[in-house]
Each structure stands twice: as C-alpha cells, then as structure tokens.
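Asker: data_21.cif is reproduced below (mmCIF, C-alpha atoms).
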data_structure
loop_
_atom_site.label_atom_id
_atom_site.label_comp_id
_atom_site.auth_asym_id
_atom_site.auth_seq_id
_atom_site.Cartn_x
_atom_site.Cartn_y
_atom_site.Cartn_z
CA MET X 1 23.60 -32.25 -1.47
CA ARG X 2 22.94 -33.50 2.07
CA ARG X 3 19.49 -34.19 3.46
CA LYS X 4 18.18 -34.89 6.89
CA ALA X 5 14.72 -35.41 8.29
CA ARG X 6 13.38 -33.16 11.00
CA LYS X 7 10.91 -34.59 13.44
CA GLY X 8 7.58 -32.82 13.28
CA GLY X 9 8.50 -30.81 10.15
CA GLY X 10 9.31 -31.05 6.45
CA ARG X 11 12.51 -32.53 5.11
CA GLN X 12 15.60 -30.35 5.34
CA LEU X 13 18.47 -30.22 2.89
CA GLU X 14 21.45 -28.21 1.78
CA ALA X 15 21.42 -27.01 -1.82
CA LYS X 16 22.83 -24.48 -4.25
CA VAL X 17 20.67 -22.11 -6.28
CA GLN X 18 21.20 -22.76 -9.97
CA ARG X 19 19.01 -20.08 -11.51
CA LEU X 20 15.90 -17.97 -10.99
CA GLY X 21 12.50 -19.14 -12.18
CA ALA X 22 9.93 -17.03 -14.04
CA ARG X 23 8.35 -15.78 -10.80
CA GLY X 24 11.69 -14.65 -9.38
CA ASP X 25 12.16 -17.61 -7.03
CA GLY X 26 15.50 -19.36 -6.83
CA VAL X 27 15.60 -22.84 -8.34
CA ALA X 28 17.70 -25.57 -6.70
CA GLU X 29 17.41 -29.33 -7.10
CA CYS X 30 15.88 -32.02 -4.92
CA ASP X 31 15.57 -35.66 -6.02
CA GLY X 32 16.12 -34.59 -9.61
CA ARG X 33 13.21 -32.16 -9.44
CA PRO X 34 13.22 -28.36 -9.10
CA LEU X 35 13.01 -26.85 -5.65
CA PHE X 36 11.62 -23.29 -5.64
CA LEU X 37 12.85 -20.97 -2.89
CA PRO X 38 11.94 -17.30 -2.41
CA GLY X 39 14.43 -14.57 -1.61
CA VAL X 40 17.60 -16.23 -2.90
CA LEU X 41 19.96 -15.58 -5.81
CA PRO X 42 21.88 -17.69 -8.33
CA GLY X 43 25.04 -19.21 -6.87
CA GLU X 44 23.93 -19.00 -3.23
CA SER X 45 24.22 -22.08 -1.00
CA LEU X 46 21.63 -22.57 1.70
CA ARG X 47 19.84 -24.84 4.10
CA ALA X 48 16.15 -25.18 3.30
CA GLN X 49 13.02 -26.97 4.37
CA ILE X 50 10.54 -28.43 1.91
CA THR X 51 7.03 -27.13 2.52
CA GLY X 52 5.05 -28.66 -0.34
CA GLU X 53 4.87 -29.35 -4.07
CA ARG X 54 4.71 -26.91 -6.95
CA GLY X 55 4.87 -27.10 -10.74
CA GLY X 56 6.31 -30.62 -11.01
CA GLY X 57 8.78 -29.97 -8.21
CA PHE X 58 8.90 -28.75 -4.63
CA LYS X 59 8.57 -25.44 -2.85
CA GLY X 60 10.41 -24.60 0.33
CA ARG X 61 11.62 -21.96 2.73
CA VAL X 62 15.16 -20.89 3.48
CA LEU X 63 16.39 -21.70 6.95
CA GLU X 64 19.93 -20.37 6.59
CA LEU X 65 22.11 -18.84 3.89
CA LEU X 66 25.46 -20.62 3.84
CA GLU X 67 27.06 -18.77 0.93
CA ILE X 68 25.86 -15.29 -0.08
CA SER X 69 26.00 -13.91 -3.62
CA PRO X 70 28.08 -10.74 -4.17
CA GLU X 71 25.10 -9.49 -6.19
CA ARG X 72 22.88 -9.41 -3.09
CA VAL X 73 21.91 -5.92 -1.90
CA ASP X 74 19.83 -4.54 0.94
CA PRO X 75 16.17 -4.34 -0.14
CA PRO X 76 14.87 -0.76 0.01
CA CYS X 77 11.42 -1.68 1.38
CA PRO X 78 10.90 -2.73 5.02
CA HIS X 79 8.09 -5.07 3.95
CA PHE X 80 10.23 -7.01 1.47
CA GLY X 81 10.29 -10.74 2.17
CA PRO X 82 6.86 -11.48 3.59
CA CYS X 83 5.07 -9.18 1.11
CA GLY X 84 4.17 -10.89 -2.16
CA GLY X 85 4.15 -7.63 -4.13
CA CYS X 86 7.88 -7.83 -4.96
CA ALA X 87 10.25 -10.76 -5.44
CA LEU X 88 13.64 -9.28 -6.32
CA GLN X 89 14.46 -6.16 -4.33
CA HIS X 90 17.53 -7.98 -2.96
CA TRP X 91 19.28 -8.24 -6.35
CA ALA X 92 21.69 -5.68 -7.82
CA ASP X 93 20.27 -3.66 -10.69
CA GLY X 94 22.62 -4.92 -13.42
CA PRO X 95 22.08 -8.67 -13.15
CA TYR X 96 18.39 -8.10 -12.41
CA LYS X 97 17.93 -6.33 -15.76
CA VAL X 98 19.84 -9.05 -17.62
CA TRP X 99 17.61 -11.72 -16.05
CA LYS X 100 14.46 -9.72 -16.81
CA ALA X 101 15.30 -9.50 -20.51
CA GLU X 102 16.15 -13.21 -20.54
CA GLN X 103 12.56 -14.03 -19.52
CA LEU X 104 11.56 -13.04 -23.03
CA THR X 105 14.33 -14.84 -24.93
CA THR X 106 13.76 -17.99 -22.85
CA ALA X 107 10.03 -18.00 -23.60
CA LEU X 108 10.72 -17.52 -27.31
CA ALA X 109 13.35 -20.26 -27.39
CA ARG X 110 10.87 -22.73 -25.95
CA GLN X 111 8.74 -22.10 -29.03
CA GLY X 112 11.72 -22.22 -31.39
CA LEU X 113 11.51 -18.49 -32.12
CA GLU X 114 14.04 -15.71 -32.45
CA PRO X 115 13.21 -12.16 -33.58
CA ALA X 116 15.22 -10.48 -36.29
CA THR X 117 15.75 -7.58 -33.85
CA LEU X 118 15.58 -7.65 -30.06
CA GLY X 119 15.42 -4.18 -28.55
CA ALA X 120 17.05 -3.11 -25.29
CA LEU X 121 15.02 -3.47 -22.11
CA LYS X 122 13.06 -0.33 -21.22
CA THR X 123 12.64 0.13 -17.48
CA VAL X 124 9.98 1.94 -15.47
CA SER X 125 10.96 3.72 -12.27
CA ALA X 126 9.66 2.60 -8.89
CA GLY X 127 7.25 5.04 -7.31
CA GLY X 128 5.17 5.55 -10.44
CA ARG X 129 2.48 2.89 -10.16
CA ARG X 130 -0.86 4.69 -10.34
CA ARG X 131 -3.11 1.67 -9.79
CA ALA X 132 -3.11 -0.76 -6.86
CA ASP X 133 -5.25 -3.68 -5.65
CA PHE X 134 -5.09 -4.11 -1.86
CA SER X 135 -6.63 -6.83 0.26
CA PHE X 136 -8.01 -6.13 3.72
CA ARG X 137 -9.47 -7.88 6.75
CA ARG X 138 -11.06 -6.25 9.78
CA ILE X 139 -9.85 -8.04 12.93
CA GLY X 140 -11.29 -6.73 16.17
CA ALA X 141 -10.34 -3.09 16.67
CA ARG X 142 -7.92 -2.95 13.75
CA THR X 143 -7.76 -3.62 10.03
CA VAL X 144 -4.98 -5.38 8.14
CA LEU X 145 -4.47 -3.73 4.74
CA GLY X 146 -1.88 -4.63 2.14
CA PHE X 147 -0.79 -7.34 -0.29
CA HIS X 148 -0.91 -11.10 0.25
CA GLU X 149 2.17 -13.02 1.26
CA ARG X 150 3.80 -15.05 -1.49
CA GLU X 151 1.66 -18.15 -2.11
CA ALA X 152 -0.23 -17.61 1.15
CA PRO X 153 -3.60 -16.16 2.19
CA MET X 154 -2.09 -13.98 4.92
CA ILE X 155 -2.13 -10.23 4.29
CA VAL X 156 1.03 -8.22 4.96
CA ASP X 157 -0.04 -5.07 6.80
CA LEU X 158 1.62 -2.24 4.89
CA GLU X 159 2.67 1.18 6.10
CA SER X 160 3.88 2.31 2.67
CA CYS X 161 4.80 0.94 -0.75
CA LEU X 162 7.76 2.20 -2.78
CA LEU X 163 6.17 0.99 -6.04
CA LEU X 164 3.17 3.30 -5.74
CA THR X 165 2.90 6.96 -6.51
CA PRO X 166 3.31 9.05 -3.34
CA ALA X 167 -0.39 9.97 -3.45
CA LEU X 168 -1.45 6.31 -3.29
CA SER X 169 1.18 5.28 -0.76
CA ASP X 170 0.13 8.13 1.55
CA LEU X 171 -3.46 6.84 1.54
CA ILE X 172 -2.66 3.45 3.08
CA GLY X 173 -2.90 4.65 6.67
CA PRO X 174 -6.05 6.80 6.27
CA LEU X 175 -7.83 4.04 4.34
CA ARG X 176 -6.97 1.51 7.04
CA ASP X 177 -8.60 3.86 9.58
CA LEU X 178 -11.64 4.25 7.32
CA LEU X 179 -12.17 0.48 7.06
CA THR X 180 -11.79 0.07 10.82
CA ASP X 181 -14.41 2.74 11.46
CA CYS X 182 -16.74 1.77 8.63
CA LEU X 183 -16.85 -2.03 8.47
CA PRO X 184 -17.95 -4.69 10.95
CA ASP X 185 -15.55 -7.15 12.57
CA LYS X 186 -14.27 -10.01 10.36
CA SER X 187 -15.13 -8.15 7.17
CA SER X 188 -12.75 -8.80 4.29
CA GLY X 189 -12.43 -7.62 0.75
CA GLU X 190 -10.38 -5.54 -1.63
CA LEU X 191 -9.59 -1.91 -2.32
CA VAL X 192 -8.77 -0.82 -5.87
CA LEU X 193 -7.12 2.58 -6.15
CA LEU X 194 -6.39 4.62 -9.25
CA GLU X 195 -4.61 7.95 -9.19
CA SER X 196 -6.40 9.74 -12.01
CA GLU X 197 -5.61 13.21 -13.27
CA THR X 198 -8.52 14.64 -11.27
CA GLY X 199 -7.85 12.76 -8.04
CA VAL X 200 -7.84 9.27 -6.58
CA ASP X 201 -10.63 6.89 -7.58
CA LEU X 202 -11.41 4.34 -4.84
CA LEU X 203 -13.38 1.11 -5.29
CA ILE X 204 -14.32 -0.98 -2.25
CA ARG X 205 -15.17 -4.62 -2.88
CA ALA X 206 -16.86 -6.00 0.24
CA PRO X 207 -19.92 -8.04 1.28
CA GLY X 208 -23.30 -6.32 1.48
CA THR X 209 -24.20 -2.78 0.52
CA PRO X 210 -23.27 0.32 2.51
CA ASN X 211 -25.92 1.63 4.90
CA LEU X 212 -26.62 5.28 5.63
CA GLU X 213 -24.00 5.52 8.38
CA GLN X 214 -21.34 3.97 6.16
CA ARG X 215 -22.25 6.25 3.27
CA GLU X 216 -21.89 9.28 5.52
CA ALA X 217 -18.50 8.05 6.69
CA LEU X 218 -17.36 7.48 3.10
CA ALA X 219 -18.55 10.93 2.08
CA ALA X 220 -16.66 12.53 4.98
CA VAL X 221 -13.45 10.67 4.09
CA SER X 222 -13.81 11.56 0.43
CA GLU X 223 -13.95 15.21 1.45
CA SER X 224 -11.10 15.08 3.95
CA LEU X 225 -8.77 13.15 1.61
CA ASP X 226 -9.90 15.02 -1.50
CA LEU X 227 -10.80 11.82 -3.35
CA ALA X 228 -12.40 12.11 -6.77
CA ARG X 229 -14.81 9.19 -6.39
CA ILE X 230 -15.68 6.30 -4.06
CA SER X 231 -17.57 3.29 -5.39
CA TRP X 232 -18.75 0.04 -3.80
CA ALA X 233 -19.05 -3.40 -5.39
CA SER X 234 -20.92 -5.96 -3.31
CA THR X 235 -19.18 -9.34 -3.16
CA SER X 236 -20.56 -12.83 -2.60
CA ASP X 237 -19.13 -15.75 -0.66
CA GLY X 238 -17.83 -17.17 -3.92
CA GLY X 239 -15.67 -14.11 -4.51
CA SER X 240 -17.61 -12.63 -7.44
CA SER X 241 -18.72 -9.02 -7.25
CA GLU X 242 -21.55 -6.97 -8.64
CA ALA X 243 -21.06 -3.92 -10.85
CA PRO X 244 -19.61 -0.97 -8.92
CA GLU X 245 -22.09 1.53 -7.49
CA PRO X 246 -20.88 5.12 -7.07
CA VAL X 247 -21.26 6.20 -3.43
CA ILE X 248 -19.82 9.69 -3.75
CA GLU X 249 -18.42 11.43 -6.82
CA ARG X 250 -16.88 14.83 -6.21
CA ARG X 251 -15.16 14.88 -9.59
CA ALA X 252 -15.21 12.44 -12.49
CA PRO X 253 -11.90 10.52 -12.64
CA LYS X 254 -10.05 11.30 -15.87
CA ILE X 255 -7.19 9.67 -17.76
CA THR X 256 -5.92 11.34 -20.94
CA PHE X 257 -4.94 9.24 -23.95
CA SER X 258 -3.25 11.30 -26.68
CA GLY X 259 -5.20 14.43 -25.74
CA ILE X 260 -8.54 12.63 -25.23
CA GLU X 261 -10.01 12.52 -21.69
CA VAL X 262 -11.56 9.20 -20.71
CA THR X 263 -13.53 8.42 -17.54
CA PRO X 264 -12.78 4.78 -16.62
CA GLN X 265 -15.20 2.58 -14.73
CA ALA X 266 -14.29 2.09 -11.07
CA GLY X 267 -11.80 -0.77 -10.90
CA GLY X 268 -11.33 -0.88 -14.67
CA PHE X 269 -8.05 -2.05 -16.20
CA LEU X 270 -5.44 0.53 -17.16
CA GLN X 271 -1.71 0.32 -17.68
CA PRO X 272 -0.25 0.42 -14.16
CA SER X 273 1.98 3.45 -14.75
CA SER X 274 1.81 6.43 -17.07
CA GLU X 275 5.55 6.01 -17.77
CA GLY X 276 5.10 2.41 -18.87
CA GLU X 277 2.06 3.34 -20.91
CA GLY X 278 4.14 5.98 -22.66
CA PHE X 279 6.81 3.42 -23.56
CA LEU X 280 4.23 1.03 -25.02
CA VAL X 281 2.44 3.70 -27.04
CA ALA X 282 5.71 5.06 -28.42
CA GLU X 283 6.85 1.61 -29.53
CA VAL X 284 3.50 0.80 -31.14
CA LEU X 285 3.65 4.02 -33.16
CA ARG X 286 7.28 3.39 -34.12
CA LEU X 287 6.67 -0.15 -35.31
CA LEU X 288 3.37 0.47 -37.08
CA PRO X 289 3.87 1.85 -40.61
CA LYS X 290 2.57 5.41 -40.92
CA GLU X 291 1.14 4.58 -44.33
CA ALA X 292 -1.23 1.98 -42.85
CA GLU X 293 -4.58 3.65 -43.42
CA THR X 294 -6.80 1.28 -41.41
CA VAL X 295 -5.92 -0.48 -38.15
CA ALA X 296 -7.97 -2.98 -36.15
CA ASP X 297 -7.28 -2.38 -32.41
CA LEU X 298 -8.21 -5.66 -30.73
CA TYR X 299 -8.68 -5.75 -26.94
CA SER X 300 -8.79 -1.96 -27.10
CA GLY X 301 -9.81 -1.37 -23.48
CA TYR X 302 -10.38 2.32 -22.79
CA GLY X 303 -8.48 3.41 -25.89
CA THR X 304 -4.84 3.57 -24.83
CA PHE X 305 -3.71 2.82 -28.39
CA THR X 306 -6.94 3.70 -30.20
CA PHE X 307 -6.57 7.42 -29.62
CA ALA X 308 -2.82 7.44 -30.25
CA LEU X 309 -3.41 5.82 -33.64
CA ALA X 310 -6.32 8.11 -34.48
CA ALA X 311 -4.23 11.16 -33.52
CA ARG X 312 -1.61 10.10 -36.07
CA GLY X 313 -4.23 9.90 -38.79
CA HIS X 314 -5.05 6.17 -38.90
CA ARG X 315 -8.64 4.99 -39.15
CA VAL X 316 -9.13 2.70 -36.15
CA HIS X 317 -11.70 -0.03 -35.48
CA ALA X 318 -11.66 -0.64 -31.71
CA VAL X 319 -12.85 -4.08 -30.58
CA GLU X 320 -13.36 -4.83 -26.89
CA GLY X 321 -15.37 -7.37 -24.89
CA ASP X 322 -15.88 -5.21 -21.79
CA GLU X 323 -19.04 -3.17 -22.32
CA ALA X 324 -18.15 -0.47 -19.77
CA ALA X 325 -14.66 0.08 -21.20
CA LEU X 326 -15.96 0.32 -24.75
CA ALA X 327 -18.73 2.73 -23.71
CA ALA X 328 -16.15 4.96 -22.02
CA LEU X 329 -13.96 4.87 -25.14
CA TRP X 330 -16.85 5.80 -27.42
CA SER X 331 -18.09 8.55 -25.12
CA ALA X 332 -14.62 10.09 -25.16
CA ALA X 333 -14.34 9.73 -28.93
CA CYS X 334 -17.67 11.48 -29.43
CA ARG X 335 -16.34 14.51 -27.55
CA SER X 336 -13.41 14.77 -29.95
CA GLU X 337 -12.90 15.70 -33.56
CA LYS X 338 -11.19 12.29 -33.92
CA VAL X 339 -14.57 10.52 -33.74
CA SER X 340 -14.68 10.36 -37.55
CA ARG X 341 -11.57 8.13 -37.48
CA VAL X 342 -12.85 5.70 -34.82
CA THR X 343 -15.40 2.89 -35.01
CA ILE X 344 -16.19 0.40 -32.24
CA GLU X 345 -17.41 -3.14 -31.78
CA GLN X 346 -18.20 -5.09 -28.61
CA ARG X 347 -16.98 -8.65 -29.01
CA ASP X 348 -15.54 -11.43 -26.88
CA LEU X 349 -12.46 -12.22 -28.94
CA ALA X 350 -11.77 -15.51 -27.17
CA ARG X 351 -15.20 -16.87 -28.12
CA GLN X 352 -15.67 -14.94 -31.36
CA PRO X 353 -12.32 -13.88 -32.82
CA ILE X 354 -12.15 -11.50 -35.77
CA LEU X 355 -11.88 -13.75 -38.82
CA ALA X 356 -9.59 -13.35 -41.82
CA GLU X 357 -12.44 -12.43 -44.17
CA GLU X 358 -13.53 -9.63 -41.84
CA LEU X 359 -10.06 -8.09 -42.11
CA GLU X 360 -9.92 -8.11 -45.92
CA GLY X 361 -8.80 -4.73 -47.22
CA GLY X 362 -7.29 -3.71 -43.88
CA ASP X 363 -3.71 -2.61 -43.48
CA ALA X 364 -2.70 -3.52 -39.92
CA VAL X 365 -3.85 -5.21 -36.72
CA LEU X 366 -2.88 -4.38 -33.15
CA PHE X 367 -3.76 -6.75 -30.31
CA ASP X 368 -3.18 -6.35 -26.57
CA PRO X 369 -4.78 -9.32 -24.77
CA PRO X 370 -4.87 -10.17 -21.05
CA ARG X 371 -2.23 -12.44 -19.48
CA ALA X 372 -3.92 -15.55 -20.87
CA GLY X 373 -2.98 -14.36 -24.34
CA ALA X 374 -4.93 -14.51 -27.60
CA ARG X 375 -4.71 -18.10 -28.83
CA GLU X 376 -8.04 -18.09 -30.68
CA GLN X 377 -7.46 -14.67 -32.21
CA ALA X 378 -3.92 -15.57 -33.23
CA GLU X 379 -5.22 -18.68 -34.99
CA ALA X 380 -7.63 -16.50 -36.97
CA LEU X 381 -4.96 -13.89 -37.77
CA ALA X 382 -2.63 -16.61 -39.04
CA HIS X 383 -4.99 -17.06 -42.01
CA CYS X 384 -5.36 -13.38 -42.92
CA ASP X 385 -3.41 -11.29 -45.45
CA ILE X 386 -2.84 -8.26 -43.22
CA ALA X 387 0.64 -6.87 -43.95
CA THR X 388 1.54 -5.83 -40.38
CA ILE X 389 0.53 -7.15 -36.97
CA ILE X 390 1.62 -5.42 -33.77
CA ALA X 391 1.33 -7.39 -30.53
CA VAL X 392 1.44 -5.98 -27.01
CA SER X 393 1.69 -8.51 -24.19
CA CYS X 394 2.20 -8.71 -20.42
CA ASN X 395 3.12 -12.40 -20.48
CA PRO X 396 6.14 -13.64 -22.50
CA ALA X 397 4.98 -17.28 -22.28
CA THR X 398 1.54 -16.76 -23.80
CA PHE X 399 2.96 -14.25 -26.28
CA ALA X 400 5.51 -16.83 -27.48
CA ARG X 401 2.73 -19.41 -27.90
CA ASP X 402 0.66 -16.94 -29.96
CA ALA X 403 3.73 -15.83 -31.92
CA ARG X 404 4.41 -19.43 -32.87
CA ILE X 405 0.90 -19.63 -34.33
CA LEU X 406 1.46 -16.50 -36.41
CA VAL X 407 4.87 -17.63 -37.63
CA ASP X 408 3.48 -21.02 -38.60
CA GLY X 409 0.85 -19.12 -40.57
CA GLY X 410 3.50 -17.36 -42.62
CA TYR X 411 4.34 -14.26 -40.58
CA GLN X 412 7.87 -13.16 -39.73
CA LEU X 413 8.70 -11.99 -36.22
CA GLU X 414 10.66 -8.85 -37.04
CA GLU X 415 11.25 -7.03 -33.77
CA ILE X 416 10.47 -7.18 -30.05
CA VAL X 417 11.00 -4.52 -27.39
CA PRO X 418 10.76 -5.68 -23.73
CA VAL X 419 9.38 -3.22 -21.16
CA ASP X 420 9.88 -3.75 -17.43
CA GLN X 421 6.71 -2.08 -16.16
CA PHE X 422 6.66 -4.15 -12.95
CA PRO X 423 9.93 -3.48 -11.08
CA PHE X 424 11.27 -6.17 -8.70
CA SER X 425 8.92 -8.84 -10.11
CA GLY X 426 8.93 -11.58 -12.70
CA HIS X 427 6.36 -9.79 -14.87
CA LEU X 428 7.45 -8.37 -18.22
CA GLU X 429 5.63 -6.46 -20.96
CA LEU X 430 6.61 -6.28 -24.61
CA VAL X 431 5.74 -4.87 -27.99
CA ALA X 432 6.37 -6.96 -31.12
CA LYS X 433 6.03 -6.54 -34.86
CA PHE X 434 5.04 -9.26 -37.35
CA THR X 435 5.00 -8.89 -41.12
CA ARG X 436 3.71 -11.16 -43.87
CA ALA X 437 6.66 -13.11 -45.26
#
Output the file's structure as structure tokens, nothing else.

Answerer:
Amino acid sequence: MRRKARKGGGRQLEAKVQRLGARGDGVAECDGRPLFLPGVLPGESLRAQITGERGGGFKGRVLELLEISPERVDPPCPHFGPCGGCALQHWADGPYKVWKAEQLTTALARQGLEPATLGALKTVSAGGRRRADFSFRRIGARTVLGFHEREAPMIVDLESCLLLTPALSDLIGPLRDLLTDCLPDKSSGELVLLESETGVDLLIRAPGTPNLEQREALAAVSESLDLARISWASTSDGGSSEAPEPVIERRAPKITFSGIEVTPQAGGFLQPSSEGEGFLVAEVLRLLPKEAETVADLYSGYGTFTFALAARGHRVHAVEGDEAALAALWSAACRSEKVSRVTIEQRDLARQPILAEELEGGDAVLFDPPRAGAREQAEALAHCDIATIIAVSCNPATFARDARILVDGGYQLEEIVPVDQFPFSGHLELVAKFTRA
C-alpha cells in the first residue's frame, strides 16, 4: 500500500478492498486499522482519501477505481451513490445474497453460536416498500425532499425511489410542490408516508402548527391526490415532536392483519413491506407449535403477530409500551370475534420486563423488539420454564447478544430464517426458534 500526503486535504493512499462491513461499505486497511469506503466491492483496488475516523478505524472517499470487480453492475437508480437510502445497488445479485446471509452467521459466530438449522435467505422485491421517512428543507423558491446522504446532513433531492411502491414514489414531486407552497423559507422537517389499504397516510413533522391558510392548502392537496389522511406533529429545536394532530381525514387509514382491520397512528411503526410482513408471519406460525395454547406476544405493536396467532386458535397476551399502538390493537380486537382470545398490557419491557414467575403456566413467548434488541427481557426469559420462544429481529448483532443470554440460560437455538426486507442495504431481519434443552 502506497500513501502520499495532499496539501490542503486528507491523506491519500492506494488500497485493496478486503471485505464488506455490516453497513455495506468496503473495508480496506490503513495503518493496521480498518478503512471504510462506500460504493466499492471486495477485491477492488482503488485510490482513496481519508476523511475522518469511524468505529476504531478511518472513513474515506474513493478518488479512483484502479481495479474493478467482475461482480460490479450498473445501479438501477439514478440517485445511487450520494443517496444514503441504498448501499449495494452496484453488486450482482448472487454475491449480494451470499453476503447478506453471512451478516447473520457472522453475528452469531461472534457470540459463539450456531443454530441447528439455518434456513435459506428469503428476499423481498424492490418496489414494495409501503412506508417511507423523507427529510426536507425549504430553500428559497424550492424544496429539497429525499433521504440524507451517507453519514452526512445533506439531503439528496429525489425524483423517484425504486424501493417504494409506485403510489409513494409518484407522490415525491407533488409533495415537494406542497411544501414549497405551504411552508416558509428555511423550514425543515420530515415526511412520513404509509400506503394503507384505504389510501396514503401522510404525517408532516415541522416546527410550529399549521395556520388557516396552510390547513386549506393541505386539505386541497389531500383532495387532489386522494390521500386518506394528513397529520401534523410540531417539532422543537431539539428534534423532539409532539403527538400527531389530524389536519384532514378523508378516510381512516387501514392495515389488515389476518383479517382484522387496524387503524395505525400517524407515523406509527409497521413492517416496511406487506411482502416482508407475510414472510415473517408465515415463519412465526411455522416455528410456533400449534399445540401451544397460550402465547405472550411481547413488543406486539399494532398486532402483526397477535392477530395471526389468535386466528390460528392461540390465546394471546399482547404486551406493548406504545400506548397508541396498543389502543389501536385493542380497538381492532374488540371489533372481531377473536377478542375472546386476546388480552393486552401496556408495559415498557426495557424498564419492566415480563418476569419468569409471570409466565408460569404459559406455553410460548414471541418477542419482536426494536433494533436495540431485548437485553433486559432476554435476561428475564432465560430464567423461565417456557417450552418455546420465538424471536423476530431486525438487527443480527443485538439478536445474537440476546440469543447468547437465552442459550446461557439453558435454551437451544434450533432454527433461524433470515429475511432480506431491506434490499440493497446492510439491514437484515430474521425469525428464530428457541426450545428448553
């Protein structure tokens, strides 16, 4: 490896990419430390410039590719590169899928774990993402609307997005025009879009509250674009936002879980695609024994798994910390004959995990935590006598940490199925089964 200093800039060097990191960046070496570089592939040689430090190593930018991998392909999106929404559109499908599955086995190996059965990677098609979080900034007579650049505050102004459903992608231009007409100069914030079964649900997170003129403009756009609902959440300088306030609701947004219609709160968390949700639900039902009479559904959200389990005849206790999500779940349950098989509990499982004695007499537990995982809940589950635990996770690293806790408590990691619900990224979902050894 040769290095040279460049006057007025960061150090330059020539290097070879050894592997890809968990975020999809290429990893080379500099001074015995990792150098992370976006947009490159294993085996490629390049000339790079160091731009800073990251994760015990360096980060940099590619100045020139000297040797190109035969696995490199033309990215299908014109925004690929600057846009931080995707990291790996330039990699051929075969090696990409191998690498994606390896993110799980690598995370497990770091914890000294290996499942008895590792399922084949299930992949979700691009163009099916029904939920999107955009950033925006009004600058003079125009508005920049899109995703942030990788590791940078700049917003890439999008014209379309191949990950989104056509209905959401087609709204990018009209929503940019709305923000330009509706918001004052230098305004910034976020748009959260959900394509529900009754139409698109739009949440605007921005400073202040909408005045009469803005409300009229939002109502007119809702009509012209046939949106189901528009809500507004006022934000503070610190970035926090108040609870969403409905501005116009032409139809209640609806998402159906196993035949049960649920109205989510504006901006609420849902699985990003219906296809990916279907994979996860199918695997949960396959791995969970049918004879399990009672199931505790921890981090239940709006009932993605609750209603699937109830529909199969299980008695389900849904536990969720988010009051709005739990209220929506219960409201939906009360409109169904399945209400007799569902009970609910609002509880912050990180601060107050379900304890072993509370699970006595139960048959199975399902938990689906956020990316940070379920360390505290896993520690409590490790002491219980539940025969089967099903875990759903969107982060292999925190899952492996929690799995280690369960295995140390006497559980056996029987099977894992990886699900690529986030194409062209380093993110990976999974469903796993644990049984009492």

Asker: Which one is closest to Ile172 (chain X): X:Ser187, X:Gln12, X:Thr343, X:Ser135? Count all atoms listed in the file.

Answerer: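 Among X:Ser187, X:Gln12, X:Thr343, X:Ser135, it is X:Ser135 that comes nearest to Ile172 (chain X).
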
Asker: Hey, which of X:Gly119, X:Gly267, X:Gly84, X:Pro38 ends up closest to Ala432 (chain X)? Count only C-alpha atoms.

Answerer: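 Of X:Gly119, X:Gly267, X:Gly84, X:Pro38, the one nearest Ala432 (chain X) is X:Gly119, counting only C-alpha atoms.
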
Asker: Taking the file as shown, find all residues satisfying the PyMOL selection byres ((chain X and resi 168) around 9) and write them as a PyMOL selection string.

Answerer: chain X and resi 129-132+160-161+164-167+169-172+193-195+200

Asker: Report the residues retrieved by the PyMOL selection byres ((chain X and resi 350) around 10) from the displayed file, expressed as an NGL selection string.

Answerer: :X and (321 or 347-349 or 351-354 or 369 or 373-378)

Asker: Measuring atom to atom with only C-alpha atoms, identify which of X:Ala243, X:Ala109, X:Leu163, X:Val62 is nearest to Ser425 (chain X).

Answerer: X:Leu163

Asker: Can you give me, as number ranges by chain, the residues this file yields under the PyMOL selection byres ((chain X and resi 68) around 10)?

Answerer: X: 40-46, 65-67, 69-72

Asker: Could you check which of X:Ala327, X:Leu118, X:Ala22, X:Ala296 is closest to Asn395 (chain X), using only C-alpha atoms?

Answerer: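 The shortest atom-to-atom distance to Asn395 (chain X) comes from X:Ala22.
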
Asker: Once 3 Å is added on each side, what centre and edge lengths in Å to one decimal does the axis-aligned box around all listed atoms of region 274-278 of chain X have, as JSON?

Answerer:
{"center_x": 3.7, "center_y": 4.4, "center_z": -19.9, "size_x": 9.7, "size_y": 10.0, "size_z": 11.6}

Asker: Since the input is missing atoms for region 193-197 of chain X, could you rebuild it with all heavy atoms and give the result as a short mmCIF file (atom, residue, chain, number, x, y, z; two decimals), in the coordinates of the input?

Answerer:
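Just written: out25.cif:
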data_model
loop_
_atom_site.label_atom_id
_atom_site.label_comp_id
_atom_site.auth_asym_id
_atom_site.auth_seq_id
_atom_site.Cartn_x
_atom_site.Cartn_y
_atom_site.Cartn_z
N LEU X 193 -7.39 1.16 -6.09
CA LEU X 193 -7.12 2.58 -6.15
C LEU X 193 -6.51 2.95 -7.50
O LEU X 193 -5.66 2.23 -8.02
CB LEU X 193 -6.13 3.01 -5.05
CG LEU X 193 -6.65 3.12 -3.62
CD1 LEU X 193 -6.73 1.74 -2.97
CD2 LEU X 193 -5.73 4.01 -2.79
N LEU X 194 -6.96 4.07 -8.03
CA LEU X 194 -6.39 4.62 -9.25
C LEU X 194 -6.13 6.11 -9.02
O LEU X 194 -7.05 6.84 -8.65
CB LEU X 194 -7.34 4.45 -10.44
CG LEU X 194 -6.97 5.23 -11.70
CD1 LEU X 194 -5.70 4.68 -12.33
CD2 LEU X 194 -8.12 5.23 -12.71
N GLU X 195 -4.89 6.53 -9.23
CA GLU X 195 -4.61 7.95 -9.19
C GLU X 195 -4.88 8.52 -10.58
O GLU X 195 -4.06 8.41 -11.48
CB GLU X 195 -3.17 8.24 -8.78
CG GLU X 195 -2.90 9.73 -8.65
CD GLU X 195 -1.49 10.07 -8.28
OE1 GLU X 195 -0.67 9.15 -8.04
OE2 GLU X 195 -1.17 11.28 -8.23
N SER X 196 -6.05 9.12 -10.74
CA SER X 196 -6.40 9.74 -12.01
C SER X 196 -5.89 11.18 -12.02
O SER X 196 -5.36 11.68 -11.03
CB SER X 196 -7.92 9.69 -12.23
OG SER X 196 -8.56 10.75 -11.55
N GLU X 197 -6.08 11.83 -13.13
CA GLU X 197 -5.61 13.21 -13.27
C GLU X 197 -6.46 14.20 -12.49
O GLU X 197 -6.05 15.35 -12.28
CB GLU X 197 -5.57 13.58 -14.75
CG GLU X 197 -4.52 12.78 -15.52
CD GLU X 197 -4.84 12.64 -16.99
OE1 GLU X 197 -5.69 13.40 -17.50
OE2 GLU X 197 -4.23 11.77 -17.66
#
